>>> print(open('data_25.txt').read())   # compact mmCIF, C-alpha atoms
# COMPACT_ATOMS: atom_id res chain seq x y z
CA MET A 296 -2.42 -1.65 33.03
CA PHE A 297 -5.99 -2.11 34.22
CA VAL A 298 -6.72 -3.87 37.53
CA THR A 299 -10.08 -4.58 39.12
CA GLU A 300 -10.46 -6.59 42.30
CA ASN A 301 -12.89 -7.34 45.08
CA MET A 302 -11.49 -5.27 47.96
CA SER A 303 -12.44 -7.98 50.47
CA TYR A 304 -9.78 -10.24 48.97
CA PRO A 305 -6.11 -9.82 48.02
CA VAL A 306 -6.64 -11.50 44.65
CA ARG A 307 -5.62 -9.40 41.65
CA LEU A 308 -6.94 -9.97 38.12
CA ARG A 309 -5.24 -8.21 35.21
CA LEU A 310 -5.77 -8.06 31.45
CA LEU A 311 -2.61 -7.28 29.51
CA PRO A 312 -1.61 -5.19 27.71
CA SER A 313 -4.88 -3.39 28.44
CA ALA A 314 -8.51 -4.04 29.34
CA ARG A 315 -9.48 -1.89 26.35
CA CYS A 316 -8.49 -3.23 22.93
CA LEU A 317 -9.66 -3.88 19.40
CA PHE A 318 -11.85 -6.92 18.76
CA ASP A 319 -9.14 -8.75 16.80
CA GLU A 320 -6.40 -8.18 19.40
CA PRO A 321 -5.51 -10.88 21.94
CA VAL A 322 -5.21 -10.19 25.65
CA VAL A 323 -3.48 -12.14 28.40
CA LEU A 324 -5.29 -12.74 31.67
CA LYS A 325 -3.09 -12.96 34.78
CA ILE A 326 -4.07 -13.65 38.37
CA ALA A 327 -2.04 -13.11 41.53
CA GLY A 328 -2.72 -13.39 45.24
CA LEU A 329 -4.12 -16.92 45.34
CA ARG A 330 -2.99 -19.63 47.74
CA SER A 331 -0.24 -21.93 46.55
CA LYS A 332 -1.71 -24.56 44.18
CA GLN A 333 -5.23 -23.22 44.72
CA VAL A 334 -7.79 -24.34 42.11
CA VAL A 335 -10.17 -21.64 40.87
CA THR A 336 -12.75 -21.24 38.14
CA ILE A 337 -12.53 -18.35 35.70
CA ARG A 338 -15.84 -17.41 34.11
CA ALA A 339 -16.39 -15.27 31.02
CA SER A 340 -19.65 -13.75 29.80
CA THR A 341 -20.80 -11.34 27.14
CA THR A 342 -24.09 -10.28 25.54
CA ASP A 343 -24.76 -9.81 21.83
CA GLU A 344 -26.91 -7.09 20.30
CA ARG A 345 -30.04 -9.25 20.62
CA GLY A 346 -29.52 -9.54 24.38
CA LEU A 347 -28.38 -13.18 24.21
CA GLU A 348 -25.78 -14.11 26.80
CA PHE A 349 -22.73 -16.18 25.82
CA THR A 350 -20.65 -17.78 28.58
CA SER A 351 -17.64 -20.01 29.17
CA SER A 352 -15.61 -21.20 32.15
CA ALA A 353 -12.32 -22.96 32.83
CA ASN A 354 -10.61 -24.38 35.90
CA TYR A 355 -6.99 -23.45 36.63
CA ARG A 356 -4.50 -24.41 39.31
CA ALA A 357 -2.23 -21.67 40.70
CA ASP A 358 1.53 -22.18 40.84
CA GLY A 359 3.55 -22.24 44.04
CA CYS A 360 3.45 -18.44 44.24
CA GLY A 361 -0.35 -18.32 43.94
CA GLU A 362 -0.27 -17.02 40.36
CA ILE A 363 -2.01 -18.02 37.11
CA ASP A 364 -0.99 -16.87 33.64
CA LEU A 365 -3.32 -17.99 30.84
CA SER A 366 -0.55 -17.63 28.26
CA ARG A 367 1.48 -20.21 30.21
CA ASP A 368 -0.81 -22.37 32.35
CA PRO A 369 -3.19 -25.11 31.15
CA ALA A 370 -6.89 -25.27 31.90
CA VAL A 371 -7.56 -28.46 33.87
CA GLY A 372 -11.32 -28.52 33.31
CA GLY A 373 -14.29 -26.58 31.99
CA SER A 374 -15.08 -25.37 28.47
CA TYR A 375 -11.65 -26.43 27.15
CA LEU A 376 -8.39 -28.03 28.28
CA GLY A 377 -4.74 -27.12 27.88
CA VAL A 378 -2.90 -23.87 27.26
CA GLU A 379 -5.29 -21.60 25.37
CA PRO A 380 -4.67 -17.89 26.11
CA MET A 381 -7.90 -16.87 24.32
CA GLY A 382 -9.86 -20.03 25.10
CA LEU A 383 -12.37 -18.23 27.30
CA PHE A 384 -13.32 -16.12 24.28
CA TRP A 385 -13.75 -18.71 21.51
CA SER A 386 -15.39 -21.29 23.83
CA MET A 387 -18.26 -18.99 24.85
CA LYS A 388 -21.69 -20.19 23.79
CA SER A 389 -25.37 -19.48 24.37
CA GLN A 390 -27.54 -21.72 26.52
CA PHE A 391 -29.91 -21.85 23.53
CA LEU A 392 -29.33 -24.04 20.48
CA HIS A 393 -28.41 -22.70 17.05
CA LYS A 394 -27.37 -19.19 18.09
CA ASP A 395 -24.50 -17.24 16.60
CA PHE A 396 -22.95 -14.25 18.33
CA ARG A 397 -24.63 -11.34 16.55
CA LYS A 398 -22.72 -8.08 16.22
CA THR A 399 -23.59 -6.30 13.00
CA ARG A 400 -22.99 -2.63 13.85
CA ALA A 401 -19.54 -1.30 14.55
CA VAL A 402 -20.23 1.64 16.83
CA ASP A 403 -20.58 0.02 20.25
CA PRO A 404 -17.83 -2.06 21.88
CA ILE A 405 -18.28 -5.66 22.96
CA LYS A 406 -17.89 -6.07 26.71
CA VAL A 407 -16.60 -9.36 28.11
CA ASN A 408 -16.74 -9.81 31.87
CA PHE A 409 -14.27 -12.11 33.64
CA SER A 410 -14.62 -13.29 37.23
CA ILE A 411 -12.60 -15.64 39.46
CA HIS A 412 -14.40 -18.04 41.79
CA GLU A 413 -13.34 -20.37 44.56
CA GLU A 414 -14.38 -24.01 44.35
CA LYS A 415 -17.43 -23.23 46.49
CA GLY A 416 -18.45 -20.48 44.10
CA LYS A 417 -17.50 -17.32 46.00
CA MET A 418 -16.22 -14.59 43.67
CA LEU A 419 -12.69 -13.34 44.36
CA ALA A 420 -12.19 -10.69 41.67
CA GLU A 421 -13.56 -9.49 38.34
CA VAL A 422 -12.58 -7.35 35.36
CA THR A 423 -14.28 -6.21 32.14
CA ASN A 424 -12.62 -6.30 28.73
CA GLU A 425 -13.93 -3.70 26.27
CA ARG A 426 -13.32 -4.88 22.70
CA PHE A 427 -13.82 -2.18 20.07
CA LEU A 428 -14.61 -2.79 16.43
CA MET A 429 -13.75 0.79 15.39
CA GLY A 430 -10.36 2.16 16.30
CA ASP A 431 -9.56 5.77 17.10
CA GLY A 432 -10.01 8.07 14.15
CA VAL A 433 -11.86 5.60 11.90
CA SER A 434 -14.98 7.14 10.35
CA ARG A 435 -18.23 5.35 9.56
CA LEU A 436 -20.52 6.67 6.81
CA PRO A 437 -23.66 5.01 5.39
CA VAL A 438 -23.52 5.53 1.61
CA LYS A 439 -26.80 6.96 0.36
CA GLU A 440 -25.71 6.86 -3.29
CA GLY A 441 -27.49 3.81 -4.66
CA ASN A 442 -28.00 2.51 -1.10
CA ILE A 443 -24.71 0.70 -1.57
CA GLY A 444 -23.49 0.02 1.96
CA VAL A 445 -21.43 1.44 4.83
CA LEU A 446 -18.04 3.07 4.27
CA PHE A 447 -15.18 2.95 6.78
CA THR A 448 -12.22 5.28 6.34
CA PRO A 449 -9.00 5.13 8.37
CA PRO A 450 -7.30 8.21 9.78
CA GLY A 451 -4.04 9.47 8.40
CA LYS A 452 -2.54 10.50 5.11
CA SER A 453 -4.19 9.27 1.91
CA PRO A 454 -4.35 7.70 -0.63
CA PHE A 455 -5.38 4.40 0.93
CA PRO A 456 -5.93 1.00 -0.65
CA ALA A 457 -9.62 0.06 -0.90
CA VAL A 458 -11.50 -3.16 -0.14
CA LEU A 459 -15.09 -4.14 -0.93
CA ASP A 460 -16.39 -6.45 1.81
CA LEU A 461 -19.19 -8.74 0.61
CA TYR A 462 -21.28 -10.28 3.38
CA ALA A 463 -24.19 -12.69 2.91
CA TYR A 464 -25.98 -10.71 5.63
CA ARG A 465 -25.55 -7.20 7.01
CA SER A 466 -22.46 -6.99 9.17
CA GLU A 467 -19.87 -4.27 9.62
CA LYS A 468 -17.36 -6.27 11.66
CA ARG A 469 -14.79 -7.20 9.01
CA ALA A 470 -15.02 -3.85 7.23
CA CYS A 471 -14.27 -1.67 10.23
CA LEU A 472 -11.55 -4.04 11.48
CA LEU A 473 -9.81 -3.70 8.10
CA ALA A 474 -10.21 0.09 8.29
CA ASN A 475 -8.30 -0.06 11.58
CA LYS A 476 -5.41 -1.54 9.56
CA GLY A 477 -5.34 1.27 7.02
CA PHE A 478 -7.80 0.17 4.33
CA VAL A 479 -10.78 2.18 3.09
CA THR A 480 -13.47 -0.49 3.28
CA LEU A 481 -17.01 -0.58 1.95
CA SER A 482 -19.34 -3.17 3.52
CA VAL A 483 -21.98 -4.35 1.04
CA PRO A 484 -24.51 -7.12 1.80
CA VAL A 485 -25.30 -9.88 -0.68
CA ASN A 486 -29.05 -10.27 -0.28
CA ILE A 487 -29.89 -13.94 -0.69
CA ASP A 488 -33.22 -14.07 1.12
CA SER A 489 -35.30 -12.21 -1.49
CA GLN A 490 -35.09 -15.01 -4.09
CA LYS A 491 -34.66 -12.32 -6.76
CA PRO A 492 -31.91 -12.61 -9.38
CA ILE A 493 -28.63 -10.99 -8.39
CA HIS A 494 -27.43 -8.12 -10.57
CA LEU A 495 -23.68 -7.71 -10.81
CA ASP A 496 -24.21 -4.06 -11.79
CA HIS A 497 -24.99 -3.19 -8.16
CA PHE A 498 -21.61 -4.49 -7.02
CA GLU A 499 -19.87 -2.90 -10.00
CA ASP A 500 -21.31 0.41 -8.77
CA ALA A 501 -19.68 -0.28 -5.41
CA VAL A 502 -16.30 -0.95 -7.07
CA ASP A 503 -16.60 2.27 -9.09
CA PHE A 504 -17.70 4.23 -6.01
CA LEU A 505 -14.59 3.14 -4.12
CA GLN A 506 -12.25 4.02 -6.98
CA ARG A 507 -13.74 7.54 -7.27
CA LEU A 508 -13.15 8.41 -3.63
CA PRO A 509 -10.51 11.13 -3.25
CA LYS A 510 -8.77 9.24 -0.44
CA VAL A 511 -8.46 6.03 -2.47
CA ASP A 512 -5.81 4.94 -4.94
CA GLY A 513 -8.04 4.56 -8.00
CA LYS A 514 -5.92 1.89 -9.68
CA GLY A 515 -8.03 -1.00 -8.38
CA VAL A 516 -9.74 -2.50 -5.35
CA GLY A 517 -9.70 -5.70 -3.36
CA ILE A 518 -12.71 -7.84 -2.51
CA LEU A 519 -13.20 -9.80 0.71
CA SER A 520 -15.86 -12.50 0.50
CA LYS A 521 -17.24 -15.59 2.19
CA SER A 522 -19.84 -18.24 1.32
CA LYS A 523 -22.33 -16.95 -1.30
CA GLY A 524 -20.37 -13.71 -1.43
CA GLY A 525 -17.50 -15.78 -2.81
CA ASP A 526 -19.07 -16.47 -6.19
CA VAL A 527 -20.15 -12.84 -6.48
CA ALA A 528 -16.54 -11.83 -5.85
CA LEU A 529 -15.31 -14.30 -8.48
CA SER A 530 -17.81 -12.89 -10.98
CA LEU A 531 -16.68 -9.34 -10.30
CA SER A 532 -13.08 -10.37 -10.95
CA ALA A 533 -14.07 -12.04 -14.22
CA PHE A 534 -16.49 -9.46 -15.66
CA VAL A 535 -15.73 -6.07 -14.05
CA ARG A 536 -12.69 -3.85 -14.45
CA GLY A 537 -10.78 -2.55 -11.47
CA VAL A 538 -10.62 -5.70 -9.31
CA LYS A 539 -7.00 -6.34 -8.34
CA ALA A 540 -7.26 -8.85 -5.49
CA VAL A 541 -9.97 -11.25 -4.29
CA VAL A 542 -10.12 -13.14 -1.00
CA TRP A 543 -12.50 -16.10 -1.37
CA ILE A 544 -13.43 -17.88 1.88
CA ASN A 545 -15.45 -21.10 1.79
CA GLY A 546 -17.34 -20.19 -1.35
CA CYS A 547 -18.25 -22.10 -4.49
CA SER A 548 -16.57 -22.19 -7.89
CA ALA A 549 -19.94 -21.67 -9.61
CA ASN A 550 -22.74 -19.13 -9.37
CA THR A 551 -25.07 -20.55 -6.72
CA GLY A 552 -28.71 -20.31 -5.82
CA LEU A 553 -29.87 -17.42 -7.99
CA PRO A 554 -29.23 -16.46 -11.64
CA LEU A 555 -26.64 -13.73 -12.14
CA TYR A 556 -27.43 -10.77 -14.39
CA TYR A 557 -25.14 -8.09 -15.78
CA LYS A 558 -26.14 -5.20 -18.03
CA LYS A 559 -29.71 -6.55 -18.23
CA LYS A 560 -28.62 -9.98 -19.46
CA GLN A 561 -28.22 -13.27 -17.64
CA ILE A 562 -24.55 -14.15 -17.69
CA LEU A 563 -24.57 -17.20 -15.39
CA PRO A 564 -27.36 -19.64 -14.52
CA ALA A 565 -27.73 -20.82 -10.94
CA LEU A 566 -26.16 -23.99 -9.60
CA MET A 567 -28.88 -25.47 -7.40
CA PHE A 568 -28.92 -27.92 -4.53
CA ASP A 569 -31.01 -30.96 -3.72
CA HIS A 570 -32.87 -30.80 -0.40
CA LYS A 571 -33.12 -34.58 -0.44
CA LYS A 572 -29.35 -34.79 0.03
CA THR A 573 -29.41 -32.84 3.29
CA PHE A 574 -29.85 -34.55 6.63
CA SER A 575 -30.59 -33.42 10.16
CA THR A 576 -28.45 -34.00 13.23
CA ASN A 577 -29.85 -34.88 16.65
CA SER A 578 -29.92 -31.18 17.54
CA GLY A 579 -32.07 -30.40 14.51
CA ALA A 580 -29.31 -28.63 12.60
CA VAL A 581 -28.98 -29.56 8.93
CA ILE A 582 -25.83 -30.77 7.16
CA SER A 583 -25.80 -29.94 3.44
CA LYS A 584 -22.18 -30.65 2.47
CA TYR A 585 -23.02 -32.81 -0.54
CA ALA A 586 -26.41 -31.34 -1.45
CA MET A 587 -25.16 -28.96 -4.15
CA HIS A 588 -25.36 -30.19 -7.70
CA ASP A 589 -21.97 -31.01 -9.18
CA PRO A 590 -20.72 -27.94 -11.08
CA LEU A 591 -18.40 -30.12 -13.17
CA LYS A 592 -21.17 -32.15 -14.75
CA ALA A 593 -21.95 -31.20 -18.32
CA GLU A 594 -25.43 -29.90 -17.50
CA ASN A 595 -24.04 -27.56 -14.80
CA ARG A 596 -20.79 -26.29 -16.29
CA ASP A 597 -22.40 -23.09 -17.59
CA SER A 598 -22.76 -21.98 -13.96
CA LEU A 599 -18.97 -22.04 -13.41
CA VAL A 600 -17.50 -18.56 -12.99
CA PRO A 601 -14.86 -18.01 -15.73
CA ILE A 602 -12.11 -16.94 -13.34
CA GLU A 603 -9.48 -17.74 -15.97
CA GLN A 604 -10.35 -14.43 -17.64
CA ALA A 605 -9.70 -12.43 -14.44
CA GLY A 606 -6.70 -10.12 -14.38
CA GLY A 607 -6.33 -9.84 -10.61
CA HIS A 608 -4.95 -12.12 -7.90
CA PHE A 609 -6.79 -14.63 -5.72
CA LEU A 610 -6.41 -15.88 -2.17
CA PHE A 611 -8.52 -19.04 -1.81
CA ALA A 612 -9.18 -20.25 1.75
CA ALA A 613 -11.10 -23.48 2.32
CA SER A 614 -12.16 -25.33 5.47
CA GLU A 615 -11.96 -29.08 5.07
CA ASP A 616 -14.67 -29.65 7.70
CA ASP A 617 -17.09 -27.24 6.02
CA LEU A 618 -20.53 -28.87 6.41
CA ILE A 619 -22.42 -26.36 4.23
CA TRP A 620 -20.74 -27.43 1.00
CA ASP A 621 -17.46 -28.90 -0.19
CA SER A 622 -15.34 -25.74 -0.22
CA LYS A 623 -12.07 -27.65 -0.51
CA ALA A 624 -13.25 -29.44 -3.68
CA TYR A 625 -14.37 -26.14 -5.20
CA MET A 626 -10.99 -24.58 -4.40
CA ASP A 627 -9.13 -27.51 -5.93
CA ASN A 628 -11.26 -27.23 -9.08
CA MET A 629 -10.49 -23.51 -9.45
CA VAL A 630 -6.78 -24.09 -8.94
CA GLY A 631 -6.84 -26.81 -11.61
CA ARG A 632 -8.63 -24.57 -14.08
CA LEU A 633 -6.26 -21.65 -13.52
CA ARG A 634 -3.22 -23.89 -13.96
CA HIS A 635 -4.74 -25.37 -17.11
CA HIS A 636 -4.87 -21.84 -18.53
CA GLY A 637 -1.27 -21.15 -17.55
CA LYS A 638 -2.21 -18.91 -14.62
CA ASP A 639 -0.30 -18.60 -11.36
CA ASN A 640 -2.18 -15.60 -9.95
CA PHE A 641 -3.42 -17.40 -6.84
CA GLU A 642 -2.55 -18.52 -3.33
CA THR A 643 -4.33 -21.23 -1.35
CA LEU A 644 -4.98 -21.94 2.31
CA SER A 645 -6.56 -25.11 3.66
CA TYR A 646 -7.74 -25.68 7.24
CA PRO A 647 -8.33 -29.38 8.08
CA GLN A 648 -10.52 -29.01 11.21
CA ALA A 649 -12.17 -25.66 10.55
CA GLY A 650 -15.80 -25.15 9.57
CA HIS A 651 -17.68 -22.90 7.17
CA TYR A 652 -18.18 -20.00 9.58
CA LEU A 653 -14.72 -18.39 9.47
CA GLU A 654 -14.78 -14.90 10.96
CA PRO A 655 -12.21 -12.43 12.32
CA PRO A 656 -10.61 -14.02 15.40
CA TYR A 657 -11.56 -14.15 19.07
CA GLY A 658 -15.34 -14.36 18.76
CA PRO A 659 -17.42 -17.29 20.11
CA PHE A 660 -17.23 -20.43 17.98
CA CYS A 661 -20.54 -20.99 16.16
CA ARG A 662 -21.63 -24.63 15.90
CA SER A 663 -24.96 -24.01 14.21
CA SER A 664 -27.34 -21.15 13.46
CA LEU A 665 -30.06 -20.05 11.07
CA ASN A 666 -29.31 -20.47 7.37
CA VAL A 667 -31.73 -18.57 5.14
CA ILE A 668 -31.25 -20.84 2.12
CA LEU A 669 -31.89 -24.02 4.12
CA GLY A 670 -34.82 -22.40 5.92
CA GLY A 671 -33.61 -23.54 9.34
CA PRO A 672 -30.52 -24.11 11.47
CA ALA A 673 -27.37 -25.25 9.69
CA ARG A 674 -24.43 -27.14 11.14
CA TRP A 675 -21.35 -25.18 10.09
CA GLY A 676 -18.68 -27.73 10.97
CA GLY A 677 -15.27 -27.42 12.58
CA LYS A 678 -13.60 -28.31 15.87
CA PRO A 679 -13.65 -25.28 18.21
CA ARG A 680 -9.93 -25.16 19.02
CA SER A 681 -8.76 -25.76 15.45
CA HIS A 682 -11.39 -23.42 14.01
CA ALA A 683 -10.30 -20.63 16.36
CA ALA A 684 -6.65 -21.14 15.35
CA ALA A 685 -7.66 -21.02 11.67
CA GLU A 686 -9.40 -17.68 12.19
CA VAL A 687 -6.27 -16.18 13.74
CA HIS A 688 -4.08 -17.42 10.88
CA LEU A 689 -6.50 -16.49 8.09
CA TRP A 690 -7.06 -12.96 9.38
CA ARG A 691 -3.30 -12.37 9.32
CA GLU A 692 -3.01 -13.83 5.80
CA ILE A 693 -5.88 -11.68 4.48
CA GLN A 694 -4.11 -8.51 5.56
CA LYS A 695 -0.80 -9.71 4.16
CA PHE A 696 -2.44 -10.55 0.81
CA PHE A 697 -4.15 -7.17 0.47
CA ARG A 698 -1.00 -5.31 1.49
CA SER A 699 0.92 -7.21 -1.18
CA HIS A 700 -1.49 -6.44 -4.02
CA LEU A 701 -3.17 -3.17 -3.04
CA THR A 702 -0.77 -1.11 -0.94
CA CYS A 703 -0.16 2.40 -2.22
CA GLU A 704 3.44 3.53 -2.16
CA THR A 705 2.52 6.75 -0.36
CA ALA A 706 0.13 5.20 2.18
CA PRO A 707 1.65 3.30 5.11
CA ILE A 708 -0.39 0.27 6.17
CA LYS A 709 -0.71 -0.52 9.85
CA PRO A 710 0.64 -3.94 10.82
CA GLU A 711 -1.81 -6.66 11.76
>>> encode(input="data_25.txt", output="structure tokens")
Amino acid sequence: MFVTENMSYPVRLRLLPSARCLFDEPVVLKIAGLRSKQVVTIRASTTDERGLEFTSSANYRADGCGEIDLSRDPAVGGSYLGVEPMGLFWSMKSQFLHKDFRKTRAVDPIKVNFSIHEEKGKMLAEVTNERFLMGDGVSRLPVKEGNIGVLFTPPGKSPFPAVLDLYAYRSEKRACLLANKGFVTLSVPVNIDSQKPIHLDHFEDAVDFLQRLPKVDGKGVGILSKSKGGDVALSLSAFVRGVKAVVWINGCSANTGLPLYYKKKQILPALMFDHKKTFSTNSGAVISKYAMHDPLKAENRDSLVPIEQAGGHFLFAASEDDLIWDSKAYMDNMVGRLRHHGKDNFETLSYPQAGHYLEPPYGPFCRSSLNVILGGPARWGGKPRSHAAAEVHLWREIQKFFRSHLTCETAPIKPE
């Protein structure tokens, strides 16, 4: 138990079970020593790797014993309302428009400072929560072979199941968090800002690299993907051997944006979008939900990824309030095609009030930020509370799915 308090006051502020935890682990904030029914403000703040500060605050009323328990008591004002044990985390935001919380490297922990203030503003106590991306014993190794990506290996007895994490920008967050759970994970960016054709061979090399590792069960790998990474993951499952399980999050059913090449030949043309069908919000962020060309029209069907020829399993997760594109419609189309071919190798998840930007849980909700393809800020969609709940649920389901289809009999997987 970790307790920090201002010695001038009897107020005690605790984070349970510990003030040091992994990024994807919840904590409970408890306060004692207040006056009966006293109203206080709890403030949270953190800084991303660019030096941008993200803050939130919520007002709480103590019970008759002068205590507040965020897992039990409702916020009565501030950044959110109601009982939200992790509300101070997901409601944090920058004072500047169109900023996401940037944490791409896994080495340094994220520090979140909490402070309690009287109604007049005087601080009563404070505590810092250190949230680590890399757990004890996890190793991080940049892969020089082919400049593929960054490899995370869990401690313990091998062989381990392996996952290829495809990100549309460089980030190590998901990969190292999965390594904490017992997966060897390789983080590989999908470069979409160069406007050069994408070559599936590069990602095939990553699949082969994982299967050759001595600590990996070489019978197949999983792929974790989101957005543009989703159609790359689908293509790997359809054209490349060794892919056993694919998690597709808010992607498209067709190859988007750039032609896809494999073995020096174009295998899929690009499904494009129409800038004229985007529109700007009052904040300047762009909504592009219906700007993509329809992949089901005759002239675009060649861009559809032939997932019916894949031998692995799929977990499709779609946000119904995705404002980048219509992920739910793309998911429904893929499910229909698989069923038409007599396939039942898929599971689906749908989140009615979540947006495009689904990440591992307990980070600040991102309303809008820079989108390279749109050339400016994009509105991602989602209602903060529902989006945060979707992230918690999805992260649990991702681990369950990979354990089901990748787990080695000799390698115990840590629970989520």
>>> atom_distance(input="data_25.txt", atom1="CA of Val542 (chain A)", atom2="CA of Pro404 (chain A)")
26.6 Å
>>> residues_around(input="data_25.txt", residues="Ala540 (chain A)", least_positions_apart="2", cutoff="8 Å", atoms="all atoms listed in the file", output="ChimeraX atom specification")
/A:516-518,538,542,607-610,697,700-701
>>> residues_around(input="data_25.txt", residues="region 338-342 of chain A", least_positions_apart="2", cutoff="6 Å", atoms="only C-alpha atoms", output="list in words")
Gly346, Leu347, Glu348, Phe349, Thr350, Ser351, Ser352, Val407, Asn408, Phe409 and Ser410 of chain A
>>> residues_around(input="data_25.txt", residues="region 543-556 of chain A", least_positions_apart="6", cutoff="8 Å", atoms="only C-alpha atoms", output="PyMOL selection string")
chain A and resi 490-496+519-529+562-568+590+598-600+609-614+617+622-623+625-626+628-629+651+653
>>> atom_distance(input="data_25.txt", atom1="CA of Asn424 (chain A)", atom2="CA of Tyr462 (chain A)")
27.1 Å
>>> closest_atom_pairs(input="data_25.txt", of="region 491-558 of chain A", to="region 442-459 of chain A", cutoff="8 Å", atoms="all atoms listed in the file", output="CSV")
residue,atom,partner,partner_atom,distance
A:His497,CA,A:Ile443,CA,7.7
A:Asp500,CA,A:Ile443,CA,8.0
A:Ala501,CA,A:Ile443,CA,6.4
A:Val502,CA,A:Leu459,CA,7.0
A:Leu505,CA,A:Ala457,CA,6.7
A:Gln506,CA,A:Ala457,CA,7.7
A:Pro509,CA,A:Pro454,CA,7.5
A:Lys510,CA,A:Pro454,CA,4.7
A:Val511,CA,A:Pro454,CA,4.8
A:Asp512,CA,A:Pro454,CA,5.3
A:Gly515,CA,A:Ala457,CA,7.7
A:Val516,CA,A:Ala457,CA,5.1
A:Gly517,CA,A:Val458,CA,4.5
A:Ile518,CA,A:Leu459,CA,4.7
A:Leu519,CA,A:Leu459,CA,6.2
>>> atom_distance(input="data_25.txt", atom1="CA of Lys572 (chain A)", atom2="CA of His682 (chain A)")
25.4 Å
>>> closest_residue(input="data_25.txt", among="A:Gly579, A:Gly670, A:Pro656, A:Pro312", to="His688 (chain A)", atoms="only C-alpha atoms")
A:Pro656
>>> residues_around(input="data_25.txt", residues="Asp431 (chain A)", least_positions_apart="2", cutoff="10 Å", atoms="all atoms listed in the file", output="ChimeraX atom specification")
/A:317,427-429,433-434,449-450,475
>>> residues_around(input="data_25.txt", residues="region 386-401 of chain A", least_positions_apart="2", cutoff="6 Å", atoms="all atoms listed in the file", output="mmCIF file with C-alpha atoms, keeping the file's coordinate frame")
data_model
loop_
_atom_site.group_PDB
_atom_site.id
_atom_site.type_symbol
_atom_site.label_atom_id
_atom_site.label_comp_id
_atom_site.auth_asym_id
_atom_site.auth_seq_id
_atom_site.Cartn_x
_atom_site.Cartn_y
_atom_site.Cartn_z
ATOM 1 C CA ASP A 343 -24.760 -9.810 21.830
ATOM 2 C CA GLU A 344 -26.910 -7.090 20.300
ATOM 3 C CA GLU A 348 -25.780 -14.110 26.800
ATOM 4 C CA PHE A 349 -22.730 -16.180 25.820
ATOM 5 C CA THR A 350 -20.650 -17.780 28.580
ATOM 6 C CA SER A 351 -17.640 -20.010 29.170
ATOM 7 C CA GLY A 382 -9.860 -20.030 25.100
ATOM 8 C CA LEU A 383 -12.370 -18.230 27.300
ATOM 9 C CA PHE A 384 -13.320 -16.120 24.280
ATOM 10 C CA ASP A 403 -20.580 0.020 20.250
ATOM 11 C CA LEU A 428 -14.610 -2.790 16.430
ATOM 12 C CA SER A 466 -22.460 -6.990 9.170
ATOM 13 C CA GLU A 467 -19.870 -4.270 9.620
ATOM 14 C CA PRO A 659 -17.420 -17.290 20.110
ATOM 15 C CA CYS A 661 -20.540 -20.990 16.160
ATOM 16 C CA SER A 663 -24.960 -24.010 14.210
ATOM 17 C CA SER A 664 -27.340 -21.150 13.460
#
>>> closest_residue(input="data_25.txt", among="A:Leu329, A:Asp364, A:Val334, A:Ala357", to="Leu311 (chain A)", atoms="all atoms listed in the file")
A:Asp364
>>> closest_residue(input="data_25.txt", among="A:Phe660, A:Val335, A:Ser374, A:Pro484", to="Glu414 (chain A)", atoms="only C-alpha atoms")
A:Val335
>>> closest_residue(input="data_25.txt", among="A:Pro601, A:Ile619, A:Gly359, A:Leu633", to="Asn666 (chain A)", atoms="all atoms listed in the file")
A:Ile619
>>> residues_near_point(input="data_25.txt", point="(-1.9, -8.0, 28.1)", cutoff="8 Å", atoms="only C-alpha atoms", output="NGL selection string")
:A and (309-314 or 321-324)
>>> write_last_selection(input="data_25.txt", atoms="C-alpha atoms", output="short mmCIF file (atom, residue, chain, number, x, y, z; two decimals), keeping the file's coordinate frame")
data_model
loop_
_atom_site.label_atom_id
_atom_site.label_comp_id
_atom_site.auth_asym_id
_atom_site.auth_seq_id
_atom_site.Cartn_x
_atom_site.Cartn_y
_atom_site.Cartn_z
CA ARG A 309 -5.24 -8.21 35.21
CA LEU A 310 -5.77 -8.06 31.45
CA LEU A 311 -2.61 -7.28 29.51
CA PRO A 312 -1.61 -5.19 27.71
CA SER A 313 -4.88 -3.39 28.44
CA ALA A 314 -8.51 -4.04 29.34
CA PRO A 321 -5.51 -10.88 21.94
CA VAL A 322 -5.21 -10.19 25.65
CA VAL A 323 -3.48 -12.14 28.40
CA LEU A 324 -5.29 -12.74 31.67
#
>>> closest_residue(input="data_25.txt", among="A:Val479, A:Ile668, A:Ile602, A:Leu618", to="Tyr652 (chain A)", atoms="only C-alpha atoms")
A:Leu618
>>> residues_near_point(input="data_25.txt", point="(2.6, -23.7, 33.0)", cutoff="10 Å", atoms="only C-alpha atoms", output="MDAnalysis selection string")
chainID A and resid 356:358 363:370 377:378
>>> closest_residue(input="data_25.txt", among="A:Glu320, A:Ala673, A:Val306, A:Arg435", to="Gly658 (chain A)", atoms="all atoms listed in the file")
A:Glu320
>>> decode(input="data_25.txt", residues="region 632-645 of chain A", atoms="C-alpha atoms", output="compact mmCIF listing (two decimals), in the first residue's frame")
# COMPACT_ATOMS: atom_id res chain seq x y z
CA ARG A 632 -18.90 -13.27 -47.43
CA LEU A 633 -17.45 -15.82 -45.01
CA ARG A 634 -20.88 -17.31 -44.35
CA HIS A 635 -21.57 -17.45 -48.08
CA HIS A 636 -18.46 -19.62 -48.43
CA GLY A 637 -19.54 -21.89 -45.59
CA LYS A 638 -17.02 -20.46 -43.13
CA ASP A 639 -17.54 -20.06 -39.40
CA ASN A 640 -13.95 -19.14 -38.48
CA PHE A 641 -14.82 -15.75 -37.03
CA GLU A 642 -16.10 -13.89 -33.98
CA THR A 643 -17.55 -10.38 -33.96
CA LEU A 644 -17.72 -7.52 -31.48
CA SER A 645 -19.71 -4.33 -31.98
